[in-house]
Amino acid sequence: MTSSVPSRQNALKALRDALAGGYPVIAIETWEEDATLSTLNNFFNSAFQGRGVFQTWDFQAGLFDAASRTSEKLSAIEALDKIQAADKPGFFVFKDVTGLFADSEIRRRIKNIHYSFRGQNRFLLLTGSDFIIPVDLRKDILLISYQLPESGEIAAIIDEHLQAAARRGAQVELTPEQINQAVISLKGFTGAEMKYALNKICWGRKTIDADIIPLLHDEKEQLARKDGVLEYVRGSESLADVGGLENLKDWLLKRRKLFTPEAAQAGIRPPRGLLMMGISGCGKSLSVKAISALWGLPLFRLDMNKVYSGIYGTPEGTFARAIKNIEGVAPAILWIDEIEGGISSNTAKDGSTGSHIFSAFLTWMQEKSSDVFVAATANRIDLLPAEIIRKGRFDQVFFIDLPNDSEREQIFKVHLSRRGNKVEEFDLPLLSVATEFWNGAEIEHVVEAAMIEAFHRGTAMAQDDLYTIIRGTVPLSRTMSEQIKFIKGWASERAISASKSDR
């Protein structure tokens with residue numbers, strides 16, 4: 001039996017209902033063993049009024065009785081036998097049994113306890129971070145997922161630390177928007193991890209302001225590094241760094257406030273996802289990073305090569321764990337770069353691991369209730385199956401073409417100014433004409449290479465330096481003209497142009 005609950009409050013209600021319903025064996029999936037134990041203790045005191053037994057077991061302490069404060073060094077099998085033989089009602093919390101399910105003797109004892117505890121007001125409660133219930137116990141164990149702290153609880157923990165800092169004499173200068181950013185940054189942490197992070201960041205500070213937000217991002221990066229498959233991406237890119245793509249920018253700007261409490265109160269759901277496909281080097285990855293900065297949401301990249309590598313377990317299990325982890329830190333952006341490499345028409349039809357992941361991804365995109373925005377990019381768009389592109393999974397599909405005249409001018413302006421050049425000293429329209437049918441990455445290369453030439457001479461970069469590099473470069477549009485023509489034809493009826501026409 002399984003119970004999948006979307007929030008922490010629902011998990012508490014599910015646990016309360018399960019106890020009231022008399023389920024004799026309940027598995028509680030949680031990262032917060034101490035908080036879960038405290039919750040169970042509160043339920044026990046309320047239900048039994050001091051007349052029952054509250055015992056816990058783990059490998060180190062053995063069987064511990066809360067009333068007498070005594071423990072017995074018993075193995076898991078011995079402890080299960082003892083609680084089954086006793087006749088007192090109460091809670092029996094076993095902490096370390098998830099790794100013991102492979103033992104047939106353990107499974108048999110849990111099954112027997114299920115039968116003997118029924119109707120006796122006695123409950124075996126199993127806690128662990130990742131339960132895989134054996135087939136022969138699935139009718140005997142109720143599984144409840146005790147979620148990590150939600151926004152309200154996170155905000156309360158932050159407020160508690162800010163008040164403590166103020167009592168120490170620190171100036172608290174965080175705006176409500178910055179506090180909300182701090183809440184988002186701490187999503188996915190246990191209550192204890194949040195307190196550790198805030199203690200480390202706030203201790204000794206005379207002023208607590210927006211400077212703590214990047215430090216909280218460092219903690220988020222540490223969280224992703226522990227997982228291995230998800231990579232936390234922290235960059236300084238903004239929409240101003242993206243040359244052109246005005247239709248895409250307009251779409252993003254209209255949705256920048258949809259992850260706020262105000263949008264939720266208005267009954268507006270956040271967007272589900274965005275697929276950007278098109279020619280390599282035209283700004284797809286840069287645009288994904290800009291979304292994160294614009295919306296103020298953490299960005300995590302899922303590397304499908306790592307999923308299929310087998311280093312982190314079976315590909316299906318690794319993918320499922322990555323999805324579970326990204327939902328744990330929501331609201332967040334999940335970036336799947338070159339999605340056709342891991343989820344494509346070929347993998348959908350091969351009947352093996354790839355097809356299983358493809359099916360799991362489609363189902364999750366269709367039914368997910370968490371505030372995870374999926375930003376996917378693709379180059380080989382002919383490999384994308386129709387099931388991915390259709391509405392209901394991605395809110396919009398944008399085609400990113402080679403930059404037009406005005407966009408090439410903007411791209412030159414971005415890269416020249418970023419490297420300390422005076423833009424007014426360059427003729428941007430002429431540079432745009434000289435790089436017709438070039439992509440953004442090639443224009444960036446021109447500026448970088450010209451800067452190197454000028455630095456070698458010991459002079460400031462001039463327009464002629466740019467022309468020298470342009471004349472010596474063969475753009476992708478010339479070497480791959482057939483493929484680019486195909487991509488444009490394929491996308492013309494399947495996607496919205498990310499750029500506004502020059503006309």
# chains A, B, ... in the order shown; residues from 1 in each chain; ligands from 1
call {"tool": "residues_around", "arguments": {"residues": "Glu316 (chain A)", "least_positions_apart": "3", "cutoff": "9 Å", "atoms": "only C-alpha atoms", "output": "MDAnalysis selection string"}}
result
chainID A and resid 307:308 313 319:321 353:354 356:357 360
call {"tool": "residues_around", "arguments": {"residues": "Gly273 (chain A)", "least_positions_apart": "4", "cutoff": "8 Å", "atoms": "only C-alpha atoms", "output": "tab-separated table (two decimals) with C-alpha atoms, in the first residue's frame"}}
result
chain	number	residue	atom	x	y	z
A	373	PHE	CA	9.90	24.74	-14.67
A	374	VAL	CA	11.56	22.57	-17.31
A	375	ALA	CA	13.85	24.49	-19.67
A	376	ALA	CA	14.90	22.11	-22.44
A	393	ARG	CA	3.91	19.31	-21.53
A	394	PHE	CA	5.73	22.45	-22.64
A	395	ASP	CA	3.89	25.78	-22.52
A	396	GLN	CA	5.69	26.99	-25.61
call {"tool": "select_by_dssp", "arguments": {"residues": "region 242-320 of chain A", "states": "strand (DSSP E or B)", "output": "compact mmCIF listing (two decimals) with C-alpha atoms, in the first residue's frame"}}
result
# COMPACT_ATOMS: atom_id res chain seq x y z
CA GLY A 273 8.17 24.37 -19.22
CA LEU A 274 9.75 25.77 -22.35
CA LEU A 275 11.48 24.02 -25.24
CA MET A 276 14.06 26.01 -27.21
CA MET A 277 15.28 24.35 -30.34
CA GLY A 278 17.34 25.50 -33.25
CA LEU A 299 18.80 26.48 -11.85
CA PHE A 300 19.75 22.79 -11.93
CA ARG A 301 21.12 21.02 -15.01
CA LEU A 302 20.32 17.34 -15.54
call {"tool": "residues_around", "arguments": {"residues": "Gln84 (chain A)", "least_positions_apart": "5", "cutoff": "8 Å", "atoms": "only C-alpha atoms", "output": "VMD selection string"}}
result
chain A and resid 113 116 to 117
call {"tool": "residues_around", "arguments": {"residues": "region 137-149 of chain A", "least_positions_apart": "2", "cutoff": "6 Å", "atoms": "only C-alpha atoms", "output": "list in words"}}
result
Met1, Thr2, Ser3, Arg8, Ala11, Val25, Ile26, Ala27, Ile28, Glu29, Thr30, Pro134, Val135, Glu153 and Thr190 of chain A
call {"tool": "write_last_selection", "arguments": {"atoms": "N, CA and C atoms", "output": "PDB file, in the first residue's frame"}}
result
ATOM      1  N   MET A   1       0.843  -1.186   0.000  1.00  0.00           N
ATOM      2  CA  MET A   1       0.000   0.000   0.000  1.00  0.00           C
ATOM      3  C   MET A   1       0.880   1.237   0.000  1.00  0.00           C
ATOM      4  N   THR A   2       0.552   2.225  -0.788  1.00  0.00           N
ATOM      5  CA  THR A   2       1.342   3.445  -0.824  1.00  0.00           C
ATOM      6  C   THR A   2       0.429   4.641  -0.694  1.00  0.00           C
ATOM      7  N   SER A   3       0.980   5.693  -0.113  1.00  0.00           N
ATOM      8  CA  SER A   3       0.255   6.956  -0.008  1.00  0.00           C
ATOM      9  C   SER A   3       1.183   8.058  -0.458  1.00  0.00           C
ATOM     10  N   ARG A   8       3.935  18.740   3.186  1.00  0.00           N
ATOM     11  CA  ARG A   8       4.244  18.331   4.551  1.00  0.00           C
ATOM     12  C   ARG A   8       2.970  18.249   5.400  1.00  0.00           C
ATOM     13  N   ALA A  11       1.170  15.221   4.623  1.00  0.00           N
ATOM     14  CA  ALA A  11       1.847  14.055   5.181  1.00  0.00           C
ATOM     15  C   ALA A  11       1.461  13.856   6.645  1.00  0.00           C
ATOM     16  N   VAL A  25       1.397  -1.364  10.540  1.00  0.00           N
ATOM     17  CA  VAL A  25       2.791  -1.143  10.116  1.00  0.00           C
ATOM     18  C   VAL A  25       2.815   0.033   9.138  1.00  0.00           C
ATOM     19  N   ILE A  26       3.544   1.067   9.518  1.00  0.00           N
ATOM     20  CA  ILE A  26       3.609   2.285   8.709  1.00  0.00           C
ATOM     21  C   ILE A  26       5.072   2.637   8.463  1.00  0.00           C
ATOM     22  N   ALA A  27       5.445   2.808   7.204  1.00  0.00           N
ATOM     23  CA  ALA A  27       6.796   3.254   6.845  1.00  0.00           C
ATOM     24  C   ALA A  27       6.736   4.749   6.545  1.00  0.00           C
ATOM     25  N   ILE A  28       7.636   5.509   7.175  1.00  0.00           N
ATOM     26  CA  ILE A  28       7.661   6.966   6.998  1.00  0.00           C
ATOM     27  C   ILE A  28       8.967   7.338   6.306  1.00  0.00           C
ATOM     28  N   GLU A  29       8.842   7.769   5.066  1.00  0.00           N
ATOM     29  CA  GLU A  29      10.017   8.149   4.277  1.00  0.00           C
ATOM     30  C   GLU A  29      10.374   9.592   4.620  1.00  0.00           C
ATOM     31  N   THR A  30      11.547   9.798   5.213  1.00  0.00           N
ATOM     32  CA  THR A  30      11.894  11.137   5.688  1.00  0.00           C
ATOM     33  C   THR A  30      13.399  11.330   5.737  1.00  0.00           C
ATOM     34  N   PRO A 134       9.574  -4.414  -0.370  1.00  0.00           N
ATOM     35  CA  PRO A 134       9.582  -5.703  -1.085  1.00  0.00           C
ATOM     36  C   PRO A 134       8.168  -6.097  -1.511  1.00  0.00           C
ATOM     37  N   VAL A 135       8.100  -6.839  -2.597  1.00  0.00           N
ATOM     38  CA  VAL A 135       6.796  -7.212  -3.165  1.00  0.00           C
ATOM     39  C   VAL A 135       5.925  -7.916  -2.132  1.00  0.00           C
ATOM     40  N   GLU A 153       7.285  27.274   6.956  1.00  0.00           N
ATOM     41  CA  GLU A 153       8.198  26.839   8.009  1.00  0.00           C
ATOM     42  C   GLU A 153       9.604  27.393   7.780  1.00  0.00           C
ATOM     43  N   THR A 190      16.832  20.178   5.080  1.00  0.00           N
ATOM     44  CA  THR A 190      16.143  19.821   6.314  1.00  0.00           C
ATOM     45  C   THR A 190      16.169  21.033   7.243  1.00  0.00           C
TER      46      THR A 190
END
call {"tool": "closest_atom_pairs", "arguments": {"of": "region 269-373 of chain A", "to": "region 241-251 of chain A", "cutoff": "8 Å", "atoms": "only C-alpha atoms", "output": "Markdown table"}}
result
| residue | atom | partner | partner_atom | distance |
| --- | --- | --- | --- | --- |
| A:Gly283 | CA | A:Val242 | CA | 7.2 |
| A:Leu286 | CA | A:Val242 | CA | 7.0 |
| A:Ser287 | CA | A:Val242 | CA | 6.7 |
| A:Ala290 | CA | A:Val242 | CA | 7.8 |
call {"tool": "residues_around", "arguments": {"residues": "Ala170 (chain A)", "least_positions_apart": "2", "cutoff": "9 Å", "atoms": "only C-alpha atoms", "output": "PDB file with C-alpha atoms, in the first residue's frame"}}
result
ATOM      1  CA  LEU A 162      17.038  37.377  11.926  1.00  0.00           C
ATOM      2  CA  ALA A 164      18.418  36.540  17.087  1.00  0.00           C
ATOM      3  CA  ALA A 165      20.860  38.539  14.937  1.00  0.00           C
ATOM      4  CA  ALA A 166      19.003  41.757  15.737  1.00  0.00           C
ATOM      5  CA  ARG A 167      19.248  40.997  19.468  1.00  0.00           C
ATOM      6  CA  ARG A 168      23.006  40.664  19.020  1.00  0.00           C
ATOM      7  CA  VAL A 172      18.658  43.549   9.370  1.00  0.00           C
ATOM      8  CA  GLY A 204      29.476  37.900  13.248  1.00  0.00           C
ATOM      9  CA  ARG A 205      27.752  40.025  10.609  1.00  0.00           C
ATOM     10  CA  LYS A 206      26.983  43.605  11.577  1.00  0.00           C
ATOM     11  CA  THR A 207      24.615  44.017   8.638  1.00  0.00           C
ATOM     12  CA  ILE A 208      22.388  41.305   7.195  1.00  0.00           C
TER      13      ILE A 208
END
call {"tool": "closest_residue", "arguments": {"among": "A:Phe91, A:Phe399, A:Phe64, A:Phe426", "to": "Asn42 (chain A)", "atoms": "only C-alpha atoms"}}
result
A:Phe91
call {"tool": "select_by_dssp", "arguments": {"residues": "region 204-447 of chain A", "states": "helix (DSSP H, G or I)", "output": "ChimeraX atom specification"}}
result
/A:212-227,239-241,246-254,261-265,284-295,304-309,315-328,339-341,345-349,353-367,381-383,386-389,405-418,423-425,428-434,440-447
call {"tool": "residues_around", "arguments": {"residues": "region 470-487 of chain A", "least_positions_apart": "3", "cutoff": "10 Å", "atoms": "only C-alpha atoms", "output": "count of residues only"}}
result
33
call {"tool": "closest_residue", "arguments": {"among": "A:Leu12, A:Leu216, A:Leu416, A:Val53", "to": "Ile83 (chain A)", "atoms": "only C-alpha atoms"}}
result
A:Val53
call {"tool": "residues_around", "arguments": {"residues": "Val233 (chain A)", "least_positions_apart": "4", "cutoff": "10 Å", "atoms": "only C-alpha atoms", "output": "VMD selection string"}}
result
chain A and resid 217 220 to 221 224 289 292 298 to 301 335
call {"tool": "write_last_selection", "arguments": {"atoms": "N, CA and C atoms", "output": "PDB file, in the first residue's frame"}}
result
ATOM      1  N   HIS A 217      23.120  30.552  -1.930  1.00  0.00           N
ATOM      2  CA  HIS A 217      23.269  29.819  -3.193  1.00  0.00           C
ATOM      3  C   HIS A 217      24.445  28.846  -3.112  1.00  0.00           C
ATOM      4  N   LYS A 220      23.213  25.824  -1.583  1.00  0.00           N
ATOM      5  CA  LYS A 220      22.404  25.077  -2.550  1.00  0.00           C
ATOM      6  C   LYS A 220      23.311  24.279  -3.490  1.00  0.00           C
ATOM      7  N   GLU A 221      24.428  24.865  -3.865  1.00  0.00           N
ATOM      8  CA  GLU A 221      25.372  24.159  -4.737  1.00  0.00           C
ATOM      9  C   GLU A 221      25.909  22.917  -4.034  1.00  0.00           C
ATOM     10  N   ALA A 224      23.431  20.106  -4.319  1.00  0.00           N
ATOM     11  CA  ALA A 224      23.421  19.454  -5.627  1.00  0.00           C
ATOM     12  C   ALA A 224      24.642  18.559  -5.804  1.00  0.00           C
ATOM     13  N   LYS A 289      20.057  30.322 -18.701  1.00  0.00           N
ATOM     14  CA  LYS A 289      20.667  30.961 -17.528  1.00  0.00           C
ATOM     15  C   LYS A 289      20.010  32.308 -17.240  1.00  0.00           C
ATOM     16  N   SER A 292      16.794  31.977 -15.183  1.00  0.00           N
ATOM     17  CA  SER A 292      17.052  31.815 -13.751  1.00  0.00           C
ATOM     18  C   SER A 292      17.260  33.163 -13.081  1.00  0.00           C
ATOM     19  N   PRO A 298      16.414  29.038  -8.531  1.00  0.00           N
ATOM     20  CA  PRO A 298      17.641  28.245  -8.694  1.00  0.00           C
ATOM     21  C   PRO A 298      17.563  27.390  -9.954  1.00  0.00           C
ATOM     22  N   LEU A 299      18.712  27.216 -10.594  1.00  0.00           N
ATOM     23  CA  LEU A 299      18.795  26.477 -11.851  1.00  0.00           C
ATOM     24  C   LEU A 299      19.631  25.218 -11.651  1.00  0.00           C
ATOM     25  N   PHE A 300      19.044  24.072 -12.027  1.00  0.00           N
ATOM     26  CA  PHE A 300      19.749  22.793 -11.934  1.00  0.00           C
ATOM     27  C   PHE A 300      19.778  22.147 -13.312  1.00  0.00           C
ATOM     28  N   ARG A 301      20.971  21.677 -13.705  1.00  0.00           N
ATOM     29  CA  ARG A 301      21.116  21.019 -15.006  1.00  0.00           C
ATOM     30  C   ARG A 301      21.158  19.504 -14.804  1.00  0.00           C
ATOM     31  N   TRP A 335      17.049  22.278 -16.074  1.00  0.00           N
ATOM     32  CA  TRP A 335      17.601  22.477 -17.417  1.00  0.00           C
ATOM     33  C   TRP A 335      18.052  21.132 -17.968  1.00  0.00           C
TER      34      TRP A 335
END
